[in-house]
$ cat protein.cif   # mmCIF, C-alpha atoms
data_run
#
loop_
_atom_site.label_atom_id
_atom_site.label_comp_id
_atom_site.auth_asym_id
_atom_site.auth_seq_id
_atom_site.Cartn_x
_atom_site.Cartn_y
_atom_site.Cartn_z
CA MET A 1266 -57.80 209.26 -182.81
CA ARG A 1267 -60.40 209.18 -185.57
CA ARG A 1268 -57.64 210.12 -188.01
CA LYS A 1269 -55.94 206.88 -186.98
CA GLY A 1270 -59.08 204.96 -187.90
CA TYR A 1271 -60.28 204.31 -184.35
CA ARG A 1272 -64.05 204.30 -183.77
CA LEU A 1273 -64.27 206.91 -181.04
CA THR A 1274 -67.42 208.14 -179.32
CA ARG A 1275 -66.79 211.10 -177.01
CA TYR A 1276 -68.87 213.32 -174.77
CA ALA A 1277 -66.79 215.90 -172.88
CA ASP A 1278 -64.12 213.82 -171.09
CA ASP A 1279 -65.95 210.48 -171.41
CA TRP A 1280 -64.55 208.26 -174.18
CA LEU A 1281 -65.74 205.03 -175.74
CA VAL A 1282 -63.68 203.22 -178.40
CA THR A 1283 -65.14 200.12 -180.05
CA CYS A 1284 -62.69 197.49 -181.33
CA ARG A 1285 -62.87 194.17 -183.15
CA THR A 1286 -60.35 192.30 -181.00
CA LYS A 1287 -58.81 192.49 -177.55
CA HIS A 1288 -55.41 193.06 -179.15
CA GLU A 1289 -56.76 196.09 -181.00
CA ALA A 1290 -58.33 197.42 -177.79
CA GLN A 1291 -55.00 197.13 -175.96
CA ALA A 1292 -53.26 199.00 -178.80
CA VAL A 1293 -55.89 201.77 -178.63
CA LEU A 1294 -55.45 202.07 -174.86
CA THR A 1295 -51.68 202.40 -175.25
CA PHE A 1296 -52.07 205.00 -177.99
CA ALA A 1297 -54.65 207.02 -176.01
CA THR A 1298 -52.46 206.97 -172.89
CA LYS A 1299 -49.46 208.35 -174.78
CA LEU A 1300 -51.60 210.91 -176.60
CA LEU A 1301 -53.08 212.26 -173.37
CA GLU A 1302 -49.67 212.33 -171.68
CA LYS A 1303 -48.45 214.66 -174.43
CA LEU A 1304 -51.37 216.94 -173.59
CA GLY A 1305 -50.56 216.82 -169.89
CA VAL A 1306 -53.64 214.72 -169.06
CA GLU A 1307 -53.90 211.29 -167.45
CA LEU A 1308 -56.48 208.54 -167.92
CA ASN A 1309 -58.58 207.72 -164.87
CA LYS A 1310 -57.40 204.15 -164.23
CA ASP A 1311 -60.39 203.40 -162.01
CA LYS A 1312 -62.81 204.18 -164.85
CA THR A 1313 -60.77 202.84 -167.77
CA ARG A 1314 -61.16 199.21 -168.77
CA ILE A 1315 -61.38 196.81 -171.69
CA VAL A 1316 -64.59 194.80 -171.68
CA HIS A 1317 -66.44 192.54 -174.12
CA THR A 1318 -69.95 193.49 -175.20
CA ARG A 1319 -71.16 190.09 -173.96
CA ARG A 1320 -70.48 191.26 -170.41
CA GLY A 1321 -71.82 194.72 -171.12
CA PHE A 1322 -70.79 198.12 -169.85
CA GLU A 1323 -72.30 201.49 -168.98
CA PHE A 1324 -71.56 204.66 -170.92
CA LEU A 1325 -73.17 208.01 -170.05
CA GLY A 1326 -75.73 206.21 -167.93
CA VAL A 1327 -76.74 203.79 -170.69
CA LYS A 1328 -76.21 200.04 -170.31
CA ILE A 1329 -74.73 198.58 -173.50
CA LYS A 1330 -74.70 194.81 -173.89
CA ARG A 1331 -74.87 192.36 -176.77
CA GLY A 1332 -77.95 190.16 -176.70
CA SER A 1333 -81.31 189.35 -178.27
CA ARG A 1334 -83.42 191.65 -176.10
CA PRO A 1335 -83.72 195.37 -176.91
CA LEU A 1336 -81.94 197.69 -174.53
CA GLY A 1337 -83.80 200.19 -172.41
CA LEU A 1338 -82.86 203.02 -170.09
CA PRO A 1339 -84.25 202.63 -166.55
CA PHE A 1340 -86.83 205.21 -165.53
CA HIS A 1341 -84.74 206.58 -162.67
CA LYS A 1342 -81.87 207.30 -165.06
CA ILE A 1343 -84.16 208.98 -167.56
CA LYS A 1344 -85.45 211.13 -164.72
CA ALA A 1345 -81.88 211.92 -163.65
CA VAL A 1346 -81.00 213.11 -167.15
CA LYS A 1347 -84.03 215.43 -167.19
CA HIS A 1348 -83.48 216.65 -163.66
CA ASP A 1349 -82.63 220.35 -163.34
CA HIS A 1350 -79.29 220.40 -161.52
CA VAL A 1351 -78.88 224.17 -161.89
CA SER A 1352 -81.91 225.73 -160.28
CA GLU A 1353 -81.50 223.73 -157.07
CA PHE A 1354 -78.40 225.79 -156.27
CA PHE A 1355 -80.55 228.93 -156.19
CA ALA A 1356 -83.47 227.71 -154.10
CA GLY A 1357 -85.52 230.65 -152.90
CA GLN A 1358 -83.90 233.01 -155.42
CA GLU A 1359 -86.33 232.93 -158.32
CA GLU A 1360 -84.54 235.50 -160.51
CA LEU A 1361 -81.15 233.80 -160.20
CA ALA A 1362 -82.68 230.37 -160.79
CA LEU A 1363 -84.38 231.56 -163.98
CA SER A 1364 -81.24 233.32 -165.20
CA SER A 1365 -79.04 230.28 -164.59
CA THR A 1366 -81.52 227.91 -166.26
CA VAL A 1367 -81.72 230.11 -169.37
CA SER A 1368 -77.93 230.39 -169.45
CA LYS A 1369 -77.54 226.62 -169.29
CA GLN A 1370 -80.10 226.14 -172.07
CA SER A 1371 -78.16 228.60 -174.22
CA ILE A 1372 -74.90 226.79 -173.50
CA ASP A 1373 -76.45 223.41 -174.36
CA PHE A 1374 -77.87 224.80 -177.61
CA LEU A 1375 -74.58 226.40 -178.62
CA THR A 1376 -72.64 223.25 -177.73
CA THR A 1377 -74.90 221.14 -179.95
CA THR A 1378 -74.62 223.69 -182.77
CA ILE A 1379 -70.83 223.81 -182.50
CA HIS A 1380 -70.66 220.01 -182.72
CA ARG A 1381 -72.83 220.11 -185.87
CA LEU A 1382 -70.57 222.72 -187.45
CA GLU A 1383 -67.43 220.77 -186.56
CA ARG A 1384 -68.87 217.59 -188.12
CA ALA A 1385 -69.67 219.56 -191.29
CA VAL A 1386 -66.11 220.93 -191.40
CA HIS A 1387 -64.63 217.46 -190.91
CA HIS A 1388 -66.80 216.18 -193.75
CA LYS A 1389 -65.57 218.89 -196.13
CA ILE A 1390 -61.86 218.94 -195.39
CA LYS A 1391 -59.26 216.65 -193.85
CA LEU A 1392 -55.98 217.43 -192.15
CA ARG A 1393 -53.17 216.61 -194.57
CA ASP A 1394 -50.51 214.15 -193.42
CA GLU A 1395 -47.73 216.75 -193.27
CA TYR A 1396 -49.77 218.78 -190.77
CA GLU A 1397 -51.04 215.92 -188.61
CA LYS A 1398 -48.32 216.38 -186.00
CA LEU A 1399 -49.88 219.74 -185.12
CA LEU A 1400 -52.32 217.71 -183.04
CA SER A 1401 -49.47 216.82 -180.68
CA ILE A 1402 -49.33 220.47 -179.53
CA PRO A 1403 -51.28 220.92 -176.28
CA GLY A 1404 -54.36 223.05 -176.85
CA VAL A 1405 -54.50 222.33 -180.59
CA GLY A 1406 -57.45 220.19 -181.66
CA MET A 1407 -58.73 219.37 -185.12
CA ILE A 1408 -60.39 222.75 -185.80
CA LEU A 1409 -57.33 224.77 -184.76
CA ALA A 1410 -55.02 222.41 -186.68
CA LEU A 1411 -57.14 222.85 -189.82
CA THR A 1412 -57.09 226.63 -189.34
CA ILE A 1413 -53.30 226.64 -189.01
CA MET A 1414 -52.94 224.38 -192.06
CA LEU A 1415 -55.21 226.45 -194.29
CA GLU A 1416 -53.90 229.84 -193.23
CA THR A 1417 -50.22 228.86 -193.27
CA GLY A 1418 -50.13 227.15 -196.65
CA THR A 1419 -46.67 225.75 -197.27
CA ILE A 1420 -44.40 226.38 -194.29
CA HIS A 1421 -41.38 226.77 -196.57
CA ARG A 1422 -42.54 230.22 -197.65
CA PHE A 1423 -41.36 231.40 -194.23
CA SER A 1424 -37.57 231.54 -194.18
CA THR A 1425 -37.24 231.70 -190.39
CA VAL A 1426 -39.27 230.92 -187.31
CA GLY A 1427 -39.27 234.63 -186.50
CA THR A 1428 -40.88 235.42 -189.83
CA PHE A 1429 -43.66 232.91 -189.15
CA ALA A 1430 -44.21 234.18 -185.59
CA SER A 1431 -44.44 237.72 -186.94
CA TYR A 1432 -46.97 236.62 -189.56
CA CYS A 1433 -49.02 235.10 -186.71
CA ARG A 1434 -48.89 238.46 -184.87
CA LYS A 1435 -46.96 236.86 -182.02
CA VAL A 1436 -44.03 239.30 -181.91
CA PRO A 1437 -44.08 242.98 -180.90
CA SER A 1438 -44.82 245.43 -183.74
CA VAL A 1439 -43.28 248.85 -184.18
CA TRP A 1440 -45.60 251.50 -185.61
CA THR A 1441 -44.44 254.71 -187.20
CA SER A 1442 -46.31 257.80 -188.32
CA ASN A 1443 -45.88 257.00 -192.02
CA GLY A 1444 -47.02 253.40 -191.59
CA SER A 1445 -43.62 251.92 -192.49
CA GLY A 1446 -43.72 249.74 -189.38
CA LYS A 1447 -46.81 247.86 -190.54
CA LYS A 1448 -46.12 244.20 -191.28
CA LYS A 1449 -48.05 241.61 -193.24
CA SER A 1450 -49.87 239.34 -190.80
CA ASN A 1451 -52.76 236.90 -190.49
CA LYS A 1452 -55.53 237.55 -187.97
CA TYR A 1453 -56.82 233.98 -188.17
CA LEU A 1454 -53.46 232.49 -187.18
CA ALA A 1455 -53.30 235.09 -184.40
CA TRP A 1456 -56.68 233.84 -183.16
CA ALA A 1457 -55.71 230.16 -183.49
CA PHE A 1458 -52.57 230.45 -181.37
CA SER A 1459 -54.34 232.67 -178.81
CA GLU A 1460 -57.02 229.98 -178.43
CA ALA A 1461 -54.36 227.28 -178.16
CA ALA A 1462 -52.50 229.31 -175.52
CA GLU A 1463 -55.61 229.64 -173.37
CA LEU A 1464 -56.45 225.93 -173.61
CA THR A 1465 -52.84 224.98 -172.91
CA ARG A 1466 -52.74 227.23 -169.86
CA ARG A 1467 -55.83 225.57 -168.45
CA TYR A 1468 -55.08 221.90 -169.04
CA ASN A 1469 -51.30 221.44 -169.38
CA GLU A 1470 -49.35 221.45 -166.13
CA ARG A 1471 -46.05 222.57 -167.66
CA ALA A 1472 -47.75 225.45 -169.47
CA LYS A 1473 -49.77 226.37 -166.38
CA ALA A 1474 -46.65 226.58 -164.22
CA PHE A 1475 -44.84 228.65 -166.86
CA PHE A 1476 -47.83 230.97 -167.29
CA ASN A 1477 -48.23 231.55 -163.55
CA SER A 1478 -44.51 232.28 -163.16
CA LYS A 1479 -44.53 234.73 -166.06
CA ALA A 1480 -47.74 236.40 -164.86
CA ALA A 1481 -46.24 236.89 -161.39
CA TRP A 1482 -43.34 238.87 -162.88
CA THR A 1483 -45.37 240.79 -165.46
CA ASN A 1484 -49.15 240.39 -165.86
CA ARG A 1485 -51.61 237.84 -167.23
CA MET A 1486 -51.90 239.49 -170.66
CA VAL A 1487 -48.16 239.45 -171.22
CA ALA A 1488 -47.96 235.84 -169.99
CA HIS A 1489 -50.73 234.82 -172.42
CA LYS A 1490 -48.89 236.45 -175.33
CA VAL A 1491 -45.64 234.70 -174.41
CA VAL A 1492 -47.35 231.28 -174.32
CA ALA A 1493 -49.02 231.96 -177.69
CA HIS A 1494 -45.66 233.03 -179.13
CA LYS A 1495 -44.01 229.82 -177.91
CA LEU A 1496 -46.77 227.70 -179.45
CA ALA A 1497 -46.42 229.49 -182.80
CA ARG A 1498 -42.68 228.81 -182.78
CA ALA A 1499 -43.27 225.17 -181.88
CA ALA A 1500 -45.78 224.82 -184.71
CA TYR A 1501 -43.23 226.21 -187.19
CA PHE A 1502 -40.65 223.54 -186.39
CA ILE A 1503 -43.28 220.79 -186.23
CA MET A 1504 -44.54 221.68 -189.72
CA ARG A 1505 -41.08 222.29 -191.19
CA ASP A 1506 -39.26 219.29 -189.71
CA LYS A 1507 -42.30 216.97 -189.30
CA VAL A 1508 -41.45 216.22 -185.66
CA ASP A 1509 -43.64 215.77 -182.60
CA TYR A 1510 -44.20 218.46 -180.02
CA GLN A 1511 -41.41 218.46 -177.40
CA PRO A 1512 -42.68 220.02 -174.14
CA GLU A 1513 -39.26 219.93 -172.45
CA LYS A 1514 -37.97 222.41 -175.05
CA LEU A 1515 -40.98 224.73 -174.93
CA PHE A 1516 -41.76 225.36 -171.26
CA CYS A 1517 -38.54 225.15 -169.33
#

$ encode --input "protein.cif" --output "structure tokens"
Amino acid sequence: MRRKGYRLTRYADDWLVTCRTKHEAQAVLTFATKLLEKLGVELNKDKTRIVHTRRGFEFLGVKIKRGSRPLGLPFHKIKAVKHDHVSEFFAGQEELALSSTVSKQSIDFLTTTIHRLERAVHHKIKLRDEYEKLLSIPGVGMILALTIMLETGTIHRFSTVGTFASYCRKVPSVWTSNGSGKKKSNKYLAWAFSEAAELTRRYNERAKAFFNSKAAWTNRMVAHKVVAHKLARAAYFIMRDKVDYQPEKLFC
């Protein structure tokens, strides 16, 4: 959405988009709805609304409202933010409480660090227009799209979709004793489509149903590889033909 010029503030699955006019806000809402539908996700209609800053609204526990007085966060909400919601699940189990608290602190630190690194990457390099439609693939965000763009180069150097899938290590390899079965491949593209496959399996209903069906007949590892292979093939046609992701053709 930021690539479209929208002023987006996001924390996990909470979004805030600031607009100049009501018409612009309605256009953003329509765009976001369609974007999330492509990813197999729906907006929470009860929590989604367009509101003027004169009326004010609450985002992540903070009241935001236009006016002459400075804004402040109520004490009970500050206390709620600082409250340890982890240790209370392990009351009377000191070792588990300590372990879980340290784990959460590590996760929070790593999450903040990852966000800093992503902002630095976004500042250094932008997704080129011909690769922007990669973002329509479920499971592919900005970092994975940039990885695919940089590691693929021009898509026209791959004559067929099979050649590209092989380069991404998403087709079976045949090894021989003299090494003649070894093929040129890219470990970073292999990682990118494996990550995309895992995210797609978790959050896209079509992909989840396909994965579960495939895993029931084979096993989870094989199912994961099949999903990654399908995403690599989809990416090839999206980059070559500059078309949007078409879920009805991928997971049927």

$ resolve_selection --input "protein.cif" --expression "the PyMOL selection byres ((chain A and resi 1453-1469) around 8)" --output "list of chain:residue names"
A:Leu1304, A:Gly1305, A:Val1306, A:Pro1403, A:Gly1404, A:Val1405, A:Leu1409, A:Thr1412, A:Ile1413, A:Glu1416, A:Thr1417, A:Cys1433, A:Arg1434, A:Lys1435, A:Asn1451, A:Lys1452, A:Glu1470, A:Arg1471, A:Ala1472, A:Lys1473, A:Phe1476, A:His1489, A:Lys1490, A:Val1492, A:Ala1493, A:His1494, A:Leu1496, A:Ala1497

$ resolve_selection --input "protein.cif" --expression "the PyMOL selection byres ((chain A and resi 1505-1512) around 10)" --output "VMD selection string"
chain A and resid 1303 to 1305 1394 to 1403 1419 to 1421 1423 1426 1469 1471 to 1472 1496 1499 to 1504 1513 to 1517

$ resolve_selection --input "protein.cif" --expression "the PyMOL selection byres ((chain A and resi 1365) around 12)" --output "list of chain:residue names"
A:Asp1349, A:His1350, A:Val1351, A:Ser1352, A:Glu1353, A:Phe1354, A:Phe1355, A:Ala1356, A:Gln1358, A:Glu1359, A:Glu1360, A:Leu1361, A:Ala1362, A:Leu1363, A:Ser1364, A:Thr1366, A:Val1367, A:Ser1368, A:Lys1369, A:Gln1370, A:Ser1371, A:Ile1372

$ axis_aligned_box --input "protein.cif" --around "region 1406-1424 of chain A" --padding-each-side "8 Å" --output "lines of an AutoDock Vina configuration file"
center_x = -49.0
center_y = 225.5
center_z = -189.7
size_x = 38.8
size_y = 28.2
size_z = 32.0

$ residues_around --input "protein.cif" --residues "region 1310-1320 of chain A" --least-positions-apart "2" --cutoff "9 Å" --atoms "only C-alpha atoms" --output "list in words"
Lys1287, Ala1290, Gln1291, Leu1294, Glu1307, Leu1308, Phe1322, Ile1329, Lys1330, Arg1331 and Gly1332 of chain A

$ atom_distance --input "protein.cif" --atom1 "CA of His1388 (chain A)" --atom2 "CA of Leu1375 (chain A)"
19.8 Å

$ residues_around --input "protein.cif" --residues "Arg1393 (chain A)" --least-positions-apart "5" --cutoff "10 Å" --atoms "all atoms listed in the file" --output "list in words"
Lys1398, Ala1410, Leu1411 and Met1414 of chain A

$ closest_residue --input "protein.cif" --among "A:Ala1385, A:Ala1430, A:Ala1474, A:Ala1297" --to "Leu1273 (chain A)" --atoms "all atoms listed in the file"
A:Ala1297

$ closest_residue --input "protein.cif" --among "A:Leu1415, A:Val1436, A:Val1293, A:Leu1281" --to "Lys1391 (chain A)" --atoms "all atoms listed in the file"
A:Leu1415

$ closest_residue --input "protein.cif" --among "A:Ile1408, A:Cys1284, A:Gly1357, A:Phe1374" --to "Ile1390 (chain A)" --atoms "all atoms listed in the file"
A:Ile1408

$ atom_distance --input "protein.cif" --atom1 "CA of Arg1285 (chain A)" --atom2 "CA of Arg1272 (chain A)"
10.2 Å
